[in-house]
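Have a look at entry_37.txt below; it lists compact mmCIF, C-alpha atoms and all ligand atoms.
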# COMPACT_ATOMS: atom_id res chain seq x y z
CA MET S 4 -21.09 5.83 4.66
CA SER S 5 -18.47 6.57 7.31
CA VAL S 6 -15.08 4.90 7.26
CA VAL S 7 -12.61 4.24 10.06
CA VAL S 8 -8.85 4.16 9.34
CA GLU S 9 -6.84 2.13 11.84
CA ALA S 10 -3.80 -0.09 12.33
CA LEU S 11 -4.50 -3.76 12.94
CA ASP S 12 -2.79 -6.08 15.43
CA ALA S 13 -2.06 -9.65 14.36
CA PRO S 14 -5.36 -11.27 15.43
CA ARG S 15 -7.41 -8.55 13.76
CA TYR S 16 -5.21 -8.73 10.67
CA ARG S 17 -5.93 -12.46 10.34
CA ALA S 18 -9.65 -11.79 10.82
CA THR S 19 -9.54 -9.15 8.06
CA ILE S 20 -7.74 -11.20 5.41
CA ASP S 21 -10.88 -12.15 3.46
CA GLY S 22 -11.75 -8.46 3.09
CA LEU S 23 -8.18 -7.60 2.08
CA ALA S 24 -8.24 -10.41 -0.49
CA ALA S 25 -11.38 -8.97 -2.08
CA LEU S 26 -9.87 -5.46 -2.07
CA LEU S 27 -6.78 -6.67 -3.92
CA VAL S 28 -8.86 -8.52 -6.54
CA ASP S 29 -10.89 -5.33 -7.10
CA ALA S 30 -7.68 -3.35 -7.74
CA VAL S 31 -6.37 -5.89 -10.27
CA GLU S 32 -9.76 -6.09 -12.02
CA ARG S 33 -9.59 -2.30 -12.42
CA GLY S 34 -6.18 -2.61 -14.08
CA ALA S 35 -3.78 -1.71 -11.27
CA GLY S 36 -0.23 -3.06 -11.43
CA VAL S 37 0.01 -4.58 -7.96
CA ASN S 38 1.88 -7.90 -8.39
CA PHE S 39 -0.98 -9.88 -9.97
CA MET S 40 -2.31 -10.65 -13.43
CA ALA S 41 -5.89 -10.38 -14.76
CA GLY S 42 -8.08 -13.23 -13.58
CA VAL S 43 -6.47 -13.43 -10.14
CA THR S 44 -8.70 -15.17 -7.60
CA THR S 45 -9.50 -14.30 -4.01
CA ALA S 46 -7.83 -17.59 -3.01
CA GLU S 47 -4.57 -16.32 -4.55
CA THR S 48 -4.76 -12.87 -3.01
CA ARG S 49 -5.78 -14.39 0.32
CA SER S 50 -2.56 -16.43 0.29
CA TRP S 51 -0.57 -13.26 -0.42
CA TRP S 52 -1.93 -11.49 2.68
CA LEU S 53 -1.72 -14.63 4.82
CA ALA S 54 1.97 -15.05 3.98
CA ARG S 55 2.61 -11.76 5.81
CA ALA S 56 0.80 -12.65 9.04
CA ASP S 57 3.98 -13.70 10.89
CA GLN S 58 5.69 -10.38 10.07
CA VAL S 59 2.59 -8.55 11.31
CA ALA S 60 2.85 -10.52 14.57
CA ASP S 61 6.58 -9.63 14.81
CA GLY S 62 5.83 -5.93 14.31
CA MET S 63 7.86 -5.75 11.08
CA ILE S 64 4.75 -5.13 8.98
CA VAL S 65 2.11 -2.68 10.20
CA PRO S 66 -1.18 -3.06 8.31
CA ILE S 67 -3.38 0.02 8.22
CA VAL S 68 -6.87 -0.40 6.83
CA ALA S 69 -9.98 1.61 6.05
CA LEU S 70 -13.11 -0.16 7.27
CA GLU S 71 -16.70 0.80 6.70
CA ALA S 72 -18.17 1.70 10.08
CA GLY S 73 -20.02 -1.05 11.92
CA GLY S 74 -17.68 -3.88 10.88
CA GLY S 75 -18.34 -3.45 7.17
CA ARG S 76 -16.12 -4.17 4.21
CA VAL S 77 -12.47 -3.27 3.82
CA VAL S 78 -12.29 -0.28 1.47
CA GLY S 79 -8.62 0.63 1.80
CA SER S 80 -5.19 -0.61 2.85
CA VAL S 81 -1.55 0.37 3.33
CA LEU S 82 1.29 -1.82 4.55
CA LEU S 83 4.25 -0.32 6.37
CA ILE S 84 7.08 -2.79 5.83
CA TYR S 85 10.02 -2.15 8.13
CA SER S 86 13.57 -2.84 7.04
CA ALA S 87 15.08 -5.66 9.13
CA THR S 88 18.79 -5.04 8.56
CA PRO S 89 20.97 -3.64 11.40
CA ASN S 90 22.04 -0.64 9.31
CA SER S 91 18.51 0.59 8.49
CA PRO S 92 16.48 0.82 11.71
CA HIS S 93 15.16 4.16 10.44
CA ARG S 94 13.78 2.92 7.11
CA GLY S 95 10.51 1.43 5.91
CA GLU S 96 8.75 0.69 2.66
CA ILE S 97 5.15 1.42 1.76
CA GLY S 98 3.19 -1.31 0.00
CA LYS S 99 -0.29 -2.33 -1.10
CA VAL S 100 -1.79 1.14 -1.12
CA LEU S 101 -5.28 0.27 -2.26
CA VAL S 102 -8.59 2.11 -2.20
CA HIS S 103 -11.66 0.24 -3.39
CA SER S 104 -12.76 1.39 -6.84
CA SER S 105 -16.12 2.49 -5.39
CA ALA S 106 -14.45 4.79 -2.84
CA ARG S 107 -11.75 6.65 -4.80
CA ARG S 108 -11.17 10.42 -5.05
CA ARG S 109 -12.76 11.11 -1.66
CA GLY S 110 -9.54 11.58 0.26
CA LEU S 111 -9.35 8.06 1.65
CA GLY S 112 -5.98 7.27 0.07
CA ARG S 113 -4.56 10.47 1.52
CA GLU S 114 -5.96 9.59 4.97
CA LEU S 115 -4.40 6.12 4.81
CA MET S 116 -1.01 7.53 3.79
CA LEU S 117 -1.06 10.16 6.55
CA ALA S 118 -1.92 7.45 9.09
CA ALA S 119 0.98 5.34 7.79
CA GLU S 120 3.39 8.29 8.01
CA SER S 121 2.24 9.08 11.53
CA ARG S 122 2.74 5.47 12.65
CA ALA S 123 6.13 5.22 10.91
CA ARG S 124 7.32 8.39 12.66
CA ALA S 125 6.13 7.07 16.03
CA ASP S 126 8.08 3.84 15.37
CA GLY S 127 11.26 5.78 14.51
CA ARG S 128 11.02 4.93 10.81
CA TRP S 129 11.55 8.37 9.36
CA LEU S 130 12.73 7.41 5.86
CA LEU S 131 10.14 5.80 3.59
CA ILE S 132 10.42 4.44 0.05
CA LEU S 133 7.94 3.02 -2.45
CA ASP S 134 7.56 2.34 -6.14
CA THR S 135 4.61 2.45 -8.47
CA VAL S 136 3.67 2.12 -12.13
CA THR S 137 5.15 5.07 -14.01
CA GLY S 138 2.50 7.60 -15.04
CA SER S 139 -0.33 5.81 -13.17
CA ASP S 140 -3.04 7.32 -10.98
CA ALA S 141 -0.92 6.24 -8.01
CA ASP S 142 2.12 8.04 -9.47
CA ARG S 143 0.11 11.31 -9.48
CA PHE S 144 -1.29 10.49 -6.04
CA TYR S 145 2.17 10.12 -4.43
CA ARG S 146 3.45 13.31 -6.05
CA SER S 147 0.43 15.15 -4.61
CA LEU S 148 1.49 13.93 -1.16
CA GLY S 149 5.02 15.31 -1.45
CA TRP S 150 6.93 12.17 -2.39
CA ASN S 151 10.24 12.72 -4.22
CA GLU S 152 11.00 10.87 -7.43
CA VAL S 153 14.23 8.88 -7.61
CA GLY S 154 13.87 7.59 -11.16
CA GLU S 155 12.40 4.94 -13.41
CA VAL S 156 13.25 1.29 -14.01
CA PRO S 157 12.14 0.34 -17.53
CA ASP S 158 10.21 -2.88 -18.19
CA PHE S 159 9.98 -3.54 -14.46
CA ALA S 160 6.80 -5.66 -14.39
CA LEU S 161 3.75 -6.82 -16.28
CA MET S 162 0.43 -5.01 -16.04
CA PRO S 163 -2.62 -7.27 -15.49
CA ASP S 164 -3.16 -7.39 -19.27
CA GLY S 165 0.39 -8.63 -19.89
CA THR S 166 2.00 -5.42 -21.19
CA LEU S 167 5.37 -4.45 -19.74
CA THR S 168 5.55 -1.27 -17.70
CA SER S 169 8.23 0.76 -16.01
CA THR S 170 8.15 1.58 -12.32
CA THR S 171 9.08 4.86 -10.62
CA TYR S 172 10.79 4.87 -7.23
CA PHE S 173 9.95 7.55 -4.67
CA TRP S 174 11.22 8.51 -1.23
CA LYS S 175 9.95 10.71 1.58
CA SER S 176 11.73 11.86 4.71
CA LEU S 177 9.56 12.39 7.78
CA ARG S 178 12.29 14.16 9.80
C1 LIG S 201 -3.85 5.51 -5.90
C2 LIG S 201 -5.08 5.37 -5.00
C3 LIG S 201 -4.69 4.61 -3.74
C4 LIG S 201 -5.58 6.79 -4.62
O1 LIG S 201 -6.60 6.66 -3.66
P1 LIG S 201 -7.78 7.77 -3.54
O2 LIG S 201 -8.50 7.50 -2.27
O3 LIG S 201 -8.59 7.80 -4.77
O4 LIG S 201 -6.92 9.11 -3.43
P2 LIG S 201 -7.37 10.50 -2.76
O5 LIG S 201 -8.82 10.72 -3.00
O6 LIG S 201 -6.90 10.53 -1.34
O7 LIG S 201 -6.51 11.54 -3.63
C5 LIG S 201 -5.58 12.43 -3.06
C6 LIG S 201 -4.95 13.22 -4.18
O8 LIG S 201 -4.15 12.35 -5.00
C7 LIG S 201 -4.25 12.76 -6.37
N1 LIG S 201 -4.95 11.71 -7.13
C8 LIG S 201 -5.58 10.63 -6.65
N2 LIG S 201 -6.09 9.88 -7.65
C9 LIG S 201 -5.77 10.52 -8.80
C10 LIG S 201 -6.03 10.25 -10.17
N3 LIG S 201 -6.75 9.17 -10.55
N4 LIG S 201 -5.57 11.12 -11.09
C11 LIG S 201 -4.87 12.22 -10.73
N5 LIG S 201 -4.60 12.53 -9.42
C12 LIG S 201 -5.04 11.69 -8.48
C13 LIG S 201 -5.08 14.06 -6.38
O9 LIG S 201 -4.20 15.14 -6.21
C14 LIG S 201 -5.94 13.85 -5.13
O10 LIG S 201 -6.43 15.06 -4.60
P3 LIG S 201 -7.80 15.70 -5.18
O11 LIG S 201 -8.82 14.59 -5.26
O12 LIG S 201 -8.14 16.73 -4.15
O13 LIG S 201 -7.45 16.23 -6.54
C15 LIG S 201 -6.25 4.65 -5.75
O14 LIG S 201 -6.45 5.27 -7.01
C16 LIG S 201 -6.00 3.18 -5.98
O15 LIG S 201 -6.29 2.34 -5.13
N6 LIG S 201 -5.49 2.81 -7.17
C17 LIG S 201 -5.32 1.40 -7.54
C18 LIG S 201 -4.27 0.69 -6.74
C19 LIG S 201 -2.88 1.24 -6.95
O16 LIG S 201 -2.43 1.47 -8.05
N7 LIG S 201 -2.19 1.45 -5.82
C20 LIG S 201 -0.83 1.90 -5.79
C21 LIG S 201 0.08 0.74 -5.67
S1 LIG S 201 1.78 1.29 -5.56
Output the structure of this file as structure tokens.
Ligand SMILES: CC(C)(COP(=O)(O)OP(=O)(O)OC[C@H]1O[C@@H](n2cnc3c(N)ncnc32)[C@H](O)[C@@H]1OP(=O)(O)O)[C@@H](O)C(=O)NCCC(=O)NCCS
Amino acid sequence: MSVVVEALDAPRYRATIDGLAALLVDAVERGAGVNFMAGVTTAETRSWWLARADQVADGMIVPIVALEAGGGRVVGSVLLIYSATPNSPHRGEIGKVLVHSSARRRGLGRELMLAAESRARADGRWLLILDTVTGSDADRFYRSLGWNEVGEVPDFALMPDGTLTSTTYFWKSLR
């Protein structure tokens, strides 16, 4: 199955929200620490994506998705979230890096991150930050892509099963 990685404008983002909602539920069901608890519904994750539609329209969030060719399901996502303060026009945060559990370890996550970096650079956002569950698959993934560790915050959030976990902050300069 071939997959297309592309940035979405606001109308296409809205049209893709059901697929993004299903992708986020899949990640939580597989145990990822991505804001939600076990048992999350597609209605709840749909609301999460929908709440960002205005920022997508304003250009302050750039959604990049992986779509199965021919208008198929959403199998990956990354959000580029641009800092809005006057003193940080060069900075952005990476969020919701998700690859569907059926499509992992085939290079799709890497392709999504490289597309996000390329877009951030083109938009003048050359300093990126993110955080992820300490010691997780994603932690190893970001290190493999050259992200620099800042440090850990203990007891930062709950995993889907209710256990507390620390988070690790990373940064990457694109200059
Ligand atoms: C993290 C995630 C996005 C990686 O996506 P992916 O498409 O499987 O990653 P890739 O195939 O592009 O992997 C690129 C490299 O990252 C590293 N990597 C990825 N997954 C890994 C894992 N489970 N264990 C160890 N290293 C891993 C490897 O170095 C890999 O290269 P290799 O396959 O040649 O060894 C995916 O596992 C995921 O969606 N996880 C759940 C959601 C999540 O936790 N997101 C992060 C939120 S901050």
Nearest-residue call for Ala41 in chain S, choices S:Gly127, S:Gly95, S:Pro157, S:Pro163, using only C-alpha atoms:
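Of all the options, S:Pro163 lies closest to Ala41 in chain S.
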How close does each residue of chain S get to ligand LIG 201 (chain S), giving the shortest atom pair and distance in Å to one decimal for every residue with an atom at most 9 Å away, counting only C-alpha atoms and all ligand atoms, sorted by chain and residue number, as JSON lines?
{"residue": "S:Leu27", "atom": "CA", "partner": "S:LIG201", "partner_atom": "C18", "distance": 8.3}
{"residue": "S:Asp29", "atom": "CA", "partner": "S:LIG201", "partner_atom": "C17", "distance": 8.7}
{"residue": "S:Ala30", "atom": "CA", "partner": "S:LIG201", "partner_atom": "C17", "distance": 5.3}
{"residue": "S:Val31", "atom": "CA", "partner": "S:LIG201", "partner_atom": "C18", "distance": 7.8}
{"residue": "S:Arg33", "atom": "CA", "partner": "S:LIG201", "partner_atom": "C17", "distance": 7.5}
{"residue": "S:Gly34", "atom": "CA", "partner": "S:LIG201", "partner_atom": "C17", "distance": 7.7}
{"residue": "S:Ala35", "atom": "CA", "partner": "S:LIG201", "partner_atom": "O16", "distance": 4.7}
{"residue": "S:Gly36", "atom": "CA", "partner": "S:LIG201", "partner_atom": "O16", "distance": 6.1}
{"residue": "S:Val37", "atom": "CA", "partner": "S:LIG201", "partner_atom": "C21", "distance": 5.8}
{"residue": "S:Gly79", "atom": "CA", "partner": "S:LIG201", "partner_atom": "O15", "distance": 7.5}
{"residue": "S:Ser80", "atom": "CA", "partner": "S:LIG201", "partner_atom": "C3", "distance": 8.4}
{"residue": "S:Val81", "atom": "CA", "partner": "S:LIG201", "partner_atom": "C3", "distance": 8.8}
{"residue": "S:Ile97", "atom": "CA", "partner": "S:LIG201", "partner_atom": "S1", "distance": 8.1}
{"residue": "S:Gly98", "atom": "CA", "partner": "S:LIG201", "partner_atom": "S1", "distance": 6.3}
{"residue": "S:Lys99", "atom": "CA", "partner": "S:LIG201", "partner_atom": "C21", "distance": 5.5}
{"residue": "S:Val100", "atom": "CA", "partner": "S:LIG201", "partner_atom": "N7", "distance": 4.7}
{"residue": "S:Leu101", "atom": "CA", "partner": "S:LIG201", "partner_atom": "O15", "distance": 3.7}
{"residue": "S:Val102", "atom": "CA", "partner": "S:LIG201", "partner_atom": "O15", "distance": 3.7}
{"residue": "S:His103", "atom": "CA", "partner": "S:LIG201", "partner_atom": "O15", "distance": 6.0}
{"residue": "S:Ser104", "atom": "CA", "partner": "S:LIG201", "partner_atom": "O15", "distance": 6.8}
{"residue": "S:Ala106", "atom": "CA", "partner": "S:LIG201", "partner_atom": "O2", "distance": 6.6}
{"residue": "S:Arg107", "atom": "CA", "partner": "S:LIG201", "partner_atom": "O3", "distance": 3.4}
{"residue": "S:Arg108", "atom": "CA", "partner": "S:LIG201", "partner_atom": "O5", "distance": 3.1}
{"residue": "S:Arg109", "atom": "CA", "partner": "S:LIG201", "partner_atom": "O5", "distance": 4.2}
{"residue": "S:Gly110", "atom": "CA", "partner": "S:LIG201", "partner_atom": "O6", "distance": 3.3}
{"residue": "S:Leu111", "atom": "CA", "partner": "S:LIG201", "partner_atom": "O2", "distance": 4.0}
{"residue": "S:Gly112", "atom": "CA", "partner": "S:LIG201", "partner_atom": "O2", "distance": 3.4}
{"residue": "S:Arg113", "atom": "CA", "partner": "S:LIG201", "partner_atom": "O6", "distance": 3.7}
{"residue": "S:Glu114", "atom": "CA", "partner": "S:LIG201", "partner_atom": "O6", "distance": 6.4}
{"residue": "S:Leu115", "atom": "CA", "partner": "S:LIG201", "partner_atom": "O6", "distance": 8.0}
{"residue": "S:Met116", "atom": "CA", "partner": "S:LIG201", "partner_atom": "O6", "distance": 8.4}
{"residue": "S:Leu133", "atom": "CA", "partner": "S:LIG201", "partner_atom": "S1", "distance": 7.1}
{"residue": "S:Asp134", "atom": "CA", "partner": "S:LIG201", "partner_atom": "S1", "distance": 5.9}
{"residue": "S:Thr135", "atom": "CA", "partner": "S:LIG201", "partner_atom": "S1", "distance": 4.2}
{"residue": "S:Val136", "atom": "CA", "partner": "S:LIG201", "partner_atom": "S1", "distance": 6.9}
{"residue": "S:Ser139", "atom": "CA", "partner": "S:LIG201", "partner_atom": "O16", "distance": 7.0}
{"residue": "S:Asp140", "atom": "CA", "partner": "S:LIG201", "partner_atom": "N3", "distance": 4.2}
{"residue": "S:Ala141", "atom": "CA", "partner": "S:LIG201", "partner_atom": "C1", "distance": 3.7}
{"residue": "S:Asp142", "atom": "CA", "partner": "S:LIG201", "partner_atom": "C1", "distance": 7.4}
{"residue": "S:Arg143", "atom": "CA", "partner": "S:LIG201", "partner_atom": "N5", "distance": 4.9}
{"residue": "S:Phe144", "atom": "CA", "partner": "S:LIG201", "partner_atom": "O8", "distance": 3.6}
{"residue": "S:Tyr145", "atom": "CA", "partner": "S:LIG201", "partner_atom": "O8", "distance": 6.7}
{"residue": "S:Arg146", "atom": "CA", "partner": "S:LIG201", "partner_atom": "C7", "distance": 7.7}
{"residue": "S:Ser147", "atom": "CA", "partner": "S:LIG201", "partner_atom": "O9", "distance": 4.9}
{"residue": "S:Leu148", "atom": "CA", "partner": "S:LIG201", "partner_atom": "O8", "distance": 7.0}
In Å, how far is it from CA of Arg49 in chain S to CA of Leu130 in chain S?
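Between CA of Arg49 in chain S and CA of Leu130 in chain S the gap is 29.1 Å.
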Give me, please, the distance in Å between CA of Arg94 in chain S and CA of Asp158 in chain S, quoted to one decimal.
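It comes out at 26.2 Å.
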Gap from CA of Ala160 in chain S to CA of Asp57 in chain S - Å, one decimal
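Between these atoms lies a distance of 26.7 Å.
Taking only C-alpha atoms into account, Glu96 in chain S lies nearest to S:Arg128 out of the set S:Arg128, S:Arg178, S:Arg55, S:Arg17.
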Identify, on the basis of only C-alpha atoms, every residue whose closest approach to Val153 in chain S does not exceed 8 Å; exclude the query and any residue fewer than 6 positions from it along the same chain; express the result as a PyMOL selection string.
chain S and resi 171-174
Using only C-alpha atoms, the best pick from S:Val156, S:Val8, S:Met40, S:Leu177 as closest to Glu71 in chain S would be S:Val8
Pick the closest to Ser86 in chain S from S:Ala72, S:Met63, S:Ala119, S:Ala56: which is it, counting all atoms listed in the file?
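Using all atoms listed in the file, the shortest distance to Ser86 in chain S belongs to S:Met63.
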Counting all atoms listed in the file, the residue of S:Ala118, S:Ala125, S:Ile132, S:Val78 that sits nearest Thr19 in chain S:
S:Val78
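Of the listed residues S:Asp12, S:Asp164, S:Glu155, S:Asp126, the one whose atoms come nearest to Ala60 in chain S is S:Asp12, with distances taken using all atoms listed in the file.
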Within 12 Å of Gly74 in chain S using only C-alpha atoms, minus same-chain residues under 4 positions, as number ranges by chain:
S: 5-7, 15, 18-19, 22, 69-70, 78
How about completing range 96-107 of chain S with all heavy atoms and giving it to me as a PDB file, keeping the file's coordinate frame?
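Output saved as out.pdb:
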ATOM      1  N   GLU S  96       9.290   0.637   4.018  1.00  0.00           N
ATOM      2  CA  GLU S  96       8.750   0.690   2.660  1.00  0.00           C
ATOM      3  C   GLU S  96       7.225   0.684   2.755  1.00  0.00           C
ATOM      4  O   GLU S  96       6.664   0.061   3.653  1.00  0.00           O
ATOM      5  CB  GLU S  96       9.245  -0.524   1.868  1.00  0.00           C
ATOM      6  CG  GLU S  96       8.825  -0.489   0.417  1.00  0.00           C
ATOM      7  CD  GLU S  96       9.596  -1.524  -0.430  1.00  0.00           C
ATOM      8  OE1 GLU S  96      10.523  -2.177   0.106  1.00  0.00           O
ATOM      9  OE2 GLU S  96       9.245  -1.663  -1.608  1.00  0.00           O
ATOM     10  N   ILE S  97       6.616   1.392   1.828  1.00  0.00           N
ATOM     11  CA  ILE S  97       5.150   1.420   1.760  1.00  0.00           C
ATOM     12  C   ILE S  97       4.706   0.441   0.681  1.00  0.00           C
ATOM     13  O   ILE S  97       5.268   0.422  -0.418  1.00  0.00           O
ATOM     14  CB  ILE S  97       4.668   2.844   1.386  1.00  0.00           C
ATOM     15  CG1 ILE S  97       5.026   3.862   2.481  1.00  0.00           C
ATOM     16  CG2 ILE S  97       3.195   2.849   1.028  1.00  0.00           C
ATOM     17  CD1 ILE S  97       4.014   3.997   3.574  1.00  0.00           C
ATOM     18  N   GLY S  98       3.695  -0.359   0.994  1.00  0.00           N
ATOM     19  CA  GLY S  98       3.190  -1.310   0.000  1.00  0.00           C
ATOM     20  C   GLY S  98       1.681  -1.440   0.061  1.00  0.00           C
ATOM     21  O   GLY S  98       1.041  -1.023   1.035  1.00  0.00           O
ATOM     22  N   LYS S  99       1.151  -2.024  -0.987  1.00  0.00           N
ATOM     23  CA  LYS S  99      -0.290  -2.330  -1.100  1.00  0.00           C
ATOM     24  C   LYS S  99      -1.186  -1.154  -0.682  1.00  0.00           C
ATOM     25  O   LYS S  99      -2.056  -1.277   0.184  1.00  0.00           O
ATOM     26  CB  LYS S  99      -0.636  -3.585  -0.291  1.00  0.00           C
ATOM     27  CG  LYS S  99      -0.117  -4.866  -0.938  1.00  0.00           C
ATOM     28  CD  LYS S  99      -0.758  -5.154  -2.276  1.00  0.00           C
ATOM     29  CE  LYS S  99      -0.058  -6.281  -3.024  1.00  0.00           C
ATOM     30  NZ  LYS S  99       1.275  -5.934  -3.612  1.00  0.00           N
ATOM     31  N   VAL S 100      -0.915  -0.026  -1.311  1.00  0.00           N
ATOM     32  CA  VAL S 100      -1.790   1.140  -1.120  1.00  0.00           C
ATOM     33  C   VAL S 100      -2.980   0.944  -2.050  1.00  0.00           C
ATOM     34  O   VAL S 100      -2.856   1.071  -3.271  1.00  0.00           O
ATOM     35  CB  VAL S 100      -1.031   2.441  -1.465  1.00  0.00           C
ATOM     36  CG1 VAL S 100      -1.949   3.647  -1.229  1.00  0.00           C
ATOM     37  CG2 VAL S 100       0.241   2.559  -0.652  1.00  0.00           C
ATOM     38  N   LEU S 101      -4.098   0.605  -1.470  1.00  0.00           N
ATOM     39  CA  LEU S 101      -5.280   0.270  -2.260  1.00  0.00           C
ATOM     40  C   LEU S 101      -6.503   0.990  -1.699  1.00  0.00           C
ATOM     41  O   LEU S 101      -6.723   0.969  -0.482  1.00  0.00           O
ATOM     42  CB  LEU S 101      -5.564  -1.246  -2.200  1.00  0.00           C
ATOM     43  CG  LEU S 101      -4.418  -2.194  -2.571  1.00  0.00           C
ATOM     44  CD1 LEU S 101      -4.815  -3.630  -2.240  1.00  0.00           C
ATOM     45  CD2 LEU S 101      -4.062  -2.058  -4.045  1.00  0.00           C
ATOM     46  N   VAL S 102      -7.274   1.594  -2.589  1.00  0.00           N
ATOM     47  CA  VAL S 102      -8.590   2.110  -2.200  1.00  0.00           C
ATOM     48  C   VAL S 102      -9.601   1.462  -3.133  1.00  0.00           C
ATOM     49  O   VAL S 102      -9.382   1.410  -4.356  1.00  0.00           O
ATOM     50  CB  VAL S 102      -8.645   3.653  -2.303  1.00  0.00           C
ATOM     51  CG1 VAL S 102     -10.074   4.159  -2.132  1.00  0.00           C
ATOM     52  CG2 VAL S 102      -7.739   4.273  -1.242  1.00  0.00           C
ATOM     53  N   HIS S 103     -10.656   0.931  -2.574  1.00  0.00           N
ATOM     54  CA  HIS S 103     -11.660   0.240  -3.390  1.00  0.00           C
ATOM     55  C   HIS S 103     -12.157   1.160  -4.512  1.00  0.00           C
ATOM     56  O   HIS S 103     -12.316   2.372  -4.301  1.00  0.00           O
ATOM     57  CB  HIS S 103     -12.841  -0.217  -2.520  1.00  0.00           C
ATOM     58  CG  HIS S 103     -13.712  -1.202  -3.221  1.00  0.00           C
ATOM     59  ND1 HIS S 103     -14.747  -0.822  -4.050  1.00  0.00           N
ATOM     60  CD2 HIS S 103     -13.679  -2.560  -3.253  1.00  0.00           C
ATOM     61  CE1 HIS S 103     -15.321  -1.901  -4.554  1.00  0.00           C
ATOM     62  NE2 HIS S 103     -14.691  -2.972  -4.087  1.00  0.00           N
ATOM     63  N   SER S 104     -12.394   0.572  -5.672  1.00  0.00           N
ATOM     64  CA  SER S 104     -12.760   1.390  -6.840  1.00  0.00           C
ATOM     65  C   SER S 104     -14.036   2.194  -6.613  1.00  0.00           C
ATOM     66  O   SER S 104     -14.247   3.214  -7.269  1.00  0.00           O
ATOM     67  CB  SER S 104     -12.905   0.494  -8.076  1.00  0.00           C
ATOM     68  OG  SER S 104     -13.802  -0.559  -7.815  1.00  0.00           O
ATOM     69  N   SER S 105     -14.876   1.757  -5.680  1.00  0.00           N
ATOM     70  CA  SER S 105     -16.120   2.490  -5.390  1.00  0.00           C
ATOM     71  C   SER S 105     -15.907   3.644  -4.418  1.00  0.00           C
ATOM     72  O   SER S 105     -16.850   4.387  -4.125  1.00  0.00           O
ATOM     73  CB  SER S 105     -17.161   1.530  -4.791  1.00  0.00           C
ATOM     74  OG  SER S 105     -16.694   1.059  -3.535  1.00  0.00           O
ATOM     75  N   ALA S 106     -14.682   3.792  -3.906  1.00  0.00           N
ATOM     76  CA  ALA S 106     -14.450   4.790  -2.840  1.00  0.00           C
ATOM     77  C   ALA S 106     -13.317   5.755  -3.168  1.00  0.00           C
ATOM     78  O   ALA S 106     -12.812   6.436  -2.275  1.00  0.00           O
ATOM     79  CB  ALA S 106     -14.162   4.060  -1.529  1.00  0.00           C
ATOM     80  N   ARG S 107     -12.908   5.806  -4.434  1.00  0.00           N
ATOM     81  CA  ARG S 107     -11.750   6.650  -4.800  1.00  0.00           C
ATOM     82  C   ARG S 107     -12.119   8.116  -4.956  1.00  0.00           C
ATOM     83  O   ARG S 107     -13.277   8.455  -5.141  1.00  0.00           O
ATOM     84  CB  ARG S 107     -11.110   6.111  -6.093  1.00  0.00           C
ATOM     85  CG  ARG S 107     -10.438   4.771  -5.853  1.00  0.00           C
ATOM     86  CD  ARG S 107      -9.735   4.213  -7.070  1.00  0.00           C
ATOM     87  NE  ARG S 107      -9.323   2.831  -6.761  1.00  0.00           N
ATOM     88  CZ  ARG S 107      -9.027   1.914  -7.655  1.00  0.00           C
ATOM     89  NH1 ARG S 107      -9.069   2.204  -8.940  1.00  0.00           N
ATOM     90  NH2 ARG S 107      -8.677   0.696  -7.266  1.00  0.00           N
TER      91      ARG S 107
END
